Amino acid sequence: MSTERVQEKRQLGHRARLALTPAQIRLLDGQAHAARTLWNCLHDWWMMLPRDKRCLAAADAAIRRARKEIDWLGVLPAQAAQAVLKSYFQAWRNCWEHRADAPNFKARLRTVMSVDIPQGRDLNITRVHRRWGMANIPKVGRVRFRWTKNLPVGKHANADDRVTGARLVKDALGWHIAFRVQTLEAEPQPHTGPEVGIDAGVNLPLALSDGNHQDHGRPPRLPDRTADRDKWLNPAEKTRLLGLERRATRRKQHHKRGEKTSRRLQRTYDQIKQLRAKATRRAVDWQHKTTTAIARQYGTVVIEALTITNMVKSARGTIEQPGKNVTQKSGLNRSISQEAWGRTVTMLTYKIARQGGTLHKVPAPGTSQRCSACGCTTPGSREDQATFVCKNPDCGWSGNADHNAARNVLHLYRTGRALVPAAGRAVVRRPRGVKPATAR
Ligand SMILES: [Zn+2]
């Protein structure tokens, strides 16, 4: 027992694209609408009830009765209806514990379509081909999904390693299945790799203190603002996006207030959403590959403690004190948002912990203004967005501004200025007013 390493339970998610026939898509759409309507009915019923009568058992009984009496609610499998009830209660719990606002009605067009399959054994997953797997979806039948990762199914599954459930989610690119996977893994050996500081730059997406910059080869900011729509799209796709946006604007001019959105306008909106979803998927792919490489190579990773929402908000200013240069800054903000620093941090947190490394955060102020060679902060050292030239006559160091900041970040850690260690579980503390994933 002494030589054996400690085993740890891990919960992982894996998302795969579903290949559905038009009839299956209609069935799933119907289930998702029923799930959303069930939520709305539940909310309505809950708000009408006197406070002392509100309890889980009463809600459960009401749902059972409704499923019998309202026939269109019957398209939703019983387990999925129970999952709606569970997430509704979780939403209230999040509200009572001050993590989110009170749950509300779900609008038809603004809600992400999703159906839950809470039990893994209903799925009956098999691999049928190198690239395809099959799973059972209640009331839809057997469907194919892209097999891109080995799941613990069939003879590989046991009490410790198994698929515990799934959620079907629809985005602009169609229906996807997100598996909940539980595995038992040996706790990793401490990672003995080198230390590195990382700066989330504007010119370099991830600048590393050892000069091993992680670039995705996409232009950071384009001088032409119209072309700076989305760097993850290629020129032809960007032109198409611009054209679609113009078409949407034109059609919207003929759209009167309170009138139903025309099918043509809705179709244009869908096409815009598809292009945006494609860009997001490419960005996430790059982030996954990059963060995995970093977590494998380095034992200690140091990052800035940045709060993106504050940075993006601050440019806009308040009504009393409107921000200066809002247009220029919002261009910068778009670059920051597009790099999705928060998502990078989340990925780094769990990937580094899995490799046995540690992640540290240091306070951000001044890292981009200070010289990493002499430690002086001199005015005018940032010649432009990209270059840093130290104005200290004895030093005169010059280099990439993001690289300079990354070296400062590592220096702060080495001199013991790190904040609370961020390794291990990712603790997400949401500001008030942001709903958690379960309430959406
Ligand atoms: Zn200097």
# chains A, B, ... in the order shown; residues from 1 in each chain; ligands from 1
>>> residues_around(residues="range 355-357 of chain A", least_positions_apart="3", cutoff="8 Å", atoms="only C-alpha atoms", output="PyMOL selection string")
chain A and resi 187-192+295-296+298-301+351-352
>>> residues_around(residues="Ala279 in chain A", least_positions_apart="3", cutoff="8 Å", atoms="only C-alpha atoms", output="VMD selection string")
chain A and resid 230 to 233 275 to 276 282 to 283
>>> write_last_selection(atoms="N, CA and C atoms", output="PDB file, in the first residue's frame")
ATOM      1  N   ASP A 230     -13.660  39.268 -36.678  1.00  0.00           N
ATOM      2  CA  ASP A 230     -13.312  38.081 -35.926  1.00  0.00           C
ATOM      3  C   ASP A 230     -12.074  37.453 -36.541  1.00  0.00           C
ATOM      4  N   LYS A 231     -10.998  37.438 -35.758  1.00  0.00           N
ATOM      5  CA  LYS A 231      -9.724  37.011 -36.316  1.00  0.00           C
ATOM      6  C   LYS A 231      -9.681  35.523 -36.617  1.00  0.00           C
ATOM      7  N   TRP A 232     -10.611  34.754 -36.091  1.00  0.00           N
ATOM      8  CA  TRP A 232     -10.571  33.316 -36.320  1.00  0.00           C
ATOM      9  C   TRP A 232     -11.232  32.911 -37.622  1.00  0.00           C
ATOM     10  N   LEU A 233     -11.768  33.893 -38.319  1.00  0.00           N
ATOM     11  CA  LEU A 233     -12.349  33.588 -39.626  1.00  0.00           C
ATOM     12  C   LEU A 233     -11.345  33.942 -40.706  1.00  0.00           C
ATOM     13  N   LEU A 275     -21.447  31.435 -38.325  1.00  0.00           N
ATOM     14  CA  LEU A 275     -20.067  31.882 -38.536  1.00  0.00           C
ATOM     15  C   LEU A 275     -19.395  32.196 -37.200  1.00  0.00           C
ATOM     16  N   ARG A 276     -20.139  32.850 -36.293  1.00  0.00           N
ATOM     17  CA  ARG A 276     -19.571  33.179 -34.983  1.00  0.00           C
ATOM     18  C   ARG A 276     -19.241  31.909 -34.207  1.00  0.00           C
ATOM     19  N   ARG A 282     -12.957  27.353 -33.287  1.00  0.00           N
ATOM     20  CA  ARG A 282     -11.535  27.384 -33.645  1.00  0.00           C
ATOM     21  C   ARG A 282     -10.709  27.946 -32.498  1.00  0.00           C
ATOM     22  N   ALA A 283     -11.214  28.999 -31.845  1.00  0.00           N
ATOM     23  CA  ALA A 283     -10.482  29.619 -30.728  1.00  0.00           C
ATOM     24  C   ALA A 283     -10.329  28.626 -29.586  1.00  0.00           C
TER      25      ALA A 283
END
>>> closest_atom_pairs(of="chain A", to="ligand 1", cutoff="9 Å", atoms="only C-alpha atoms and all ligand atoms", output="CSV")
residue,atom,partner,partner_atom_place_in_ligand_line,distance
A:Arg370,CA,ligand 1,1 (Zn),7.9
A:Cys371,CA,ligand 1,1 (Zn),4.6
A:Ser372,CA,ligand 1,1 (Zn),6.5
A:Ala373,CA,ligand 1,1 (Zn),5.0
A:Cys374,CA,ligand 1,1 (Zn),4.1
A:Gly375,CA,ligand 1,1 (Zn),6.1
A:Cys376,CA,ligand 1,1 (Zn),5.8
A:Thr377,CA,ligand 1,1 (Zn),8.0
A:Thr378,CA,ligand 1,1 (Zn),8.3
A:Val389,CA,ligand 1,1 (Zn),7.8
A:Cys390,CA,ligand 1,1 (Zn),4.6
A:Lys391,CA,ligand 1,1 (Zn),6.8
A:Asn392,CA,ligand 1,1 (Zn),5.5
A:Pro393,CA,ligand 1,1 (Zn),8.2
A:Asp394,CA,ligand 1,1 (Zn),7.5
A:Cys395,CA,ligand 1,1 (Zn),4.5
A:Gly396,CA,ligand 1,1 (Zn),5.5
A:Trp397,CA,ligand 1,1 (Zn),5.2
A:Ser398,CA,ligand 1,1 (Zn),8.1
>>> atom_distance(atom1="CA of Gln31 in chain A", atom2="CA of Ile137 in chain A")
11.1 Å
>>> residues_around(residues="Ala16 in chain A", least_positions_apart="2", cutoff="9 Å", atoms="only C-alpha atoms", output="ChimeraX atom specification")
/A:14,18,145-149,176-179
>>> residues_around(residues="Val140 in chain A", least_positions_apart="5", cutoff="12 Å", atoms="only C-alpha atoms", output="PyMOL selection string")
chain A and resi 20-31+75-77+115+123+135+168
>>> write_last_selection(atoms="C-alpha atoms", output="PDB file, in the first residue's frame")
ATOM      1  CA  LEU A  20     -29.154  13.396 -36.699  1.00  0.00           C
ATOM      2  CA  THR A  21     -31.788  12.951 -39.359  1.00  0.00           C
ATOM      3  CA  PRO A  22     -34.229  15.852 -39.858  1.00  0.00           C
ATOM      4  CA  ALA A  23     -36.919  13.815 -38.065  1.00  0.00           C
ATOM      5  CA  GLN A  24     -34.646  13.262 -35.060  1.00  0.00           C
ATOM      6  CA  ILE A  25     -33.794  16.987 -34.992  1.00  0.00           C
ATOM      7  CA  ARG A  26     -37.530  17.795 -34.874  1.00  0.00           C
ATOM      8  CA  LEU A  27     -38.033  15.335 -32.014  1.00  0.00           C
ATOM      9  CA  LEU A  28     -35.147  16.815 -30.002  1.00  0.00           C
ATOM     10  CA  ASP A  29     -36.303  20.386 -30.697  1.00  0.00           C
ATOM     11  CA  GLY A  30     -39.716  19.377 -29.375  1.00  0.00           C
ATOM     12  CA  GLN A  31     -38.180  17.889 -26.233  1.00  0.00           C
ATOM     13  CA  VAL A  75     -42.819  14.264 -25.371  1.00  0.00           C
ATOM     14  CA  LEU A  76     -40.271  15.052 -22.659  1.00  0.00           C
ATOM     15  CA  PRO A  77     -38.894  11.847 -21.060  1.00  0.00           C
ATOM     16  CA  VAL A 115     -32.316  18.257 -22.729  1.00  0.00           C
ATOM     17  CA  LEU A 123     -27.346   5.770 -23.008  1.00  0.00           C
ATOM     18  CA  ALA A 135     -25.952   6.147 -28.099  1.00  0.00           C
ATOM     19  CA  LEU A 168     -27.932  17.385 -25.231  1.00  0.00           C
TER      20      LEU A 168
END
>>> atom_distance(atom1="CA of Asn104 in chain A", atom2="CA of Ala78 in chain A")
22.6 Å
>>> residues_around(residues="range 197-200 of chain A", least_positions_apart="2", cutoff="8 Å", atoms="only C-alpha atoms", output="ChimeraX atom specification")
/A:195,202,204-210,301-304,341,402-403,405-410
>>> residues_around(residues="range 80-84 of chain A", least_positions_apart="6", cutoff="8 Å", atoms="only C-alpha atoms", output="JSON, numbers by chain")
{"A": [35, 38, 39, 60, 63, 115, 116, 117, 118]}
>>> write_last_selection(atoms="C-alpha atoms", output="PDB file, in the first residue's frame")
ATOM      1  CA  ALA A  35     -38.280  21.227 -21.117  1.00  0.00           C
ATOM      2  CA  LEU A  38     -41.945  22.911 -18.093  1.00  0.00           C
ATOM      3  CA  TRP A  39     -39.480  25.251 -16.404  1.00  0.00           C
ATOM      4  CA  ASP A  60     -42.601  16.681  -7.948  1.00  0.00           C
ATOM      5  CA  ILE A  63     -44.942  17.700 -12.484  1.00  0.00           C
ATOM      6  CA  VAL A 115     -32.316  18.257 -22.729  1.00  0.00           C
ATOM      7  CA  ASP A 116     -30.774  16.309 -19.878  1.00  0.00           C
ATOM      8  CA  ILE A 117     -30.190  12.545 -19.747  1.00  0.00           C
ATOM      9  CA  PRO A 118     -29.395  12.109 -16.037  1.00  0.00           C
TER      10      PRO A 118
END
>>> select_by_dssp(residues="range 136-265 of chain A", states="strand (DSSP E)", output="ChimeraX atom specification")
/A:136-137,141-146,162-171,174-186,195-199,207-208
>>> atom_distance(atom1="CA of Ala186 in chain A", atom2="CA of Lys289 in chain A")
23.1 Å
>>> residues_around(residues="Gln271 in chain A", least_positions_apart="3", cutoff="10 Å", atoms="only C-alpha atoms", output="short mmCIF file (atom, residue, chain, number, x, y, z; two decimals) with C-alpha atoms, in the first residue's frame")
data_model
loop_
_atom_site.label_atom_id
_atom_site.label_comp_id
_atom_site.auth_asym_id
_atom_site.auth_seq_id
_atom_site.Cartn_x
_atom_site.Cartn_y
_atom_site.Cartn_z
CA ALA A 172 -25.72 27.40 -34.05
CA LEU A 173 -23.93 24.38 -35.55
CA ARG A 240 -19.34 36.90 -45.88
CA LEU A 241 -19.95 37.87 -42.24
CA LEU A 244 -24.64 39.08 -43.76
CA GLU A 245 -24.53 41.76 -41.08
CA LEU A 265 -34.31 37.96 -41.27
CA GLN A 266 -34.26 34.96 -38.94
CA ARG A 267 -32.33 32.97 -41.54
CA THR A 268 -29.74 35.75 -41.85
CA GLN A 274 -23.12 29.88 -37.49
CA LEU A 275 -20.07 31.88 -38.54
CA ARG A 276 -19.57 33.18 -34.98
CA ALA A 277 -19.90 29.65 -33.58
#
>>> select_by_dssp(residues="range 83-280 of chain A", states="helix (DSSP H, G or I)", output="PyMOL selection string")
chain A and resi 83-96+120-122+154-156+235-253+263-280
>>> closest_residue(among="A:Ser381, A:Thr358, A:Ser87, A:Gln11", to="Arg162 in chain A", atoms="only C-alpha atoms")
A:Gln11
>>> decode(residues="range 33-52 of chain A", atoms="N, CA and C atoms", output="short mmCIF file (atom, residue, chain, number, x, y, z; two decimals), in the first residue's frame")
data_model
loop_
_atom_site.label_atom_id
_atom_site.label_comp_id
_atom_site.auth_asym_id
_atom_site.auth_seq_id
_atom_site.Cartn_x
_atom_site.Cartn_y
_atom_site.Cartn_z
N HIS A 33 -38.08 22.30 -26.27
CA HIS A 33 -39.13 23.30 -26.04
C HIS A 33 -40.01 22.86 -24.87
N ALA A 34 -40.30 21.56 -24.79
CA ALA A 34 -41.11 21.07 -23.67
C ALA A 34 -40.38 21.27 -22.35
N ALA A 35 -39.06 21.04 -22.35
CA ALA A 35 -38.28 21.23 -21.12
C ALA A 35 -38.31 22.68 -20.68
N ARG A 36 -38.19 23.59 -21.67
CA ARG A 36 -38.21 25.02 -21.34
C ARG A 36 -39.60 25.43 -20.83
N THR A 37 -40.63 24.93 -21.48
CA THR A 37 -42.00 25.27 -21.05
C THR A 37 -42.29 24.71 -19.67
N LEU A 38 -41.76 23.51 -19.41
CA LEU A 38 -41.94 22.91 -18.09
C LEU A 38 -41.33 23.80 -17.02
N TRP A 39 -40.14 24.31 -17.32
CA TRP A 39 -39.48 25.25 -16.40
C TRP A 39 -40.38 26.46 -16.16
N ASN A 40 -40.94 27.02 -17.24
CA ASN A 40 -41.78 28.21 -17.12
C ASN A 40 -43.04 27.91 -16.30
N CYS A 41 -43.67 26.75 -16.56
CA CYS A 41 -44.87 26.37 -15.80
C CYS A 41 -44.53 26.19 -14.33
N LEU A 42 -43.40 25.54 -14.10
CA LEU A 42 -42.94 25.28 -12.73
C LEU A 42 -42.72 26.59 -11.99
N HIS A 43 -42.11 27.54 -12.70
CA HIS A 43 -41.80 28.83 -12.09
C HIS A 43 -43.10 29.59 -11.77
N ASP A 44 -44.02 29.54 -12.73
CA ASP A 44 -45.32 30.19 -12.54
C ASP A 44 -46.04 29.61 -11.32
N TRP A 45 -46.09 28.29 -11.26
CA TRP A 45 -46.76 27.57 -10.18
C TRP A 45 -46.12 27.89 -8.83
N TRP A 46 -44.78 27.92 -8.82
CA TRP A 46 -44.00 28.17 -7.62
C TRP A 46 -44.26 29.57 -7.07
N MET A 47 -44.33 30.57 -7.98
CA MET A 47 -44.50 31.94 -7.55
C MET A 47 -45.93 32.20 -7.04
N MET A 48 -46.91 31.41 -7.53
CA MET A 48 -48.28 31.60 -7.09
C MET A 48 -48.53 30.97 -5.72
N LEU A 49 -47.73 29.96 -5.41
CA LEU A 49 -47.94 29.19 -4.18
C LEU A 49 -47.56 30.01 -2.95
N PRO A 50 -48.35 29.88 -1.85
CA PRO A 50 -47.90 30.54 -0.61
C PRO A 50 -46.56 29.97 -0.15
N ARG A 51 -45.77 30.81 0.51
CA ARG A 51 -44.41 30.44 0.84
C ARG A 51 -44.30 29.13 1.63
N ASP A 52 -45.24 28.91 2.56
CA ASP A 52 -45.11 27.73 3.42
C ASP A 52 -45.47 26.44 2.68
#
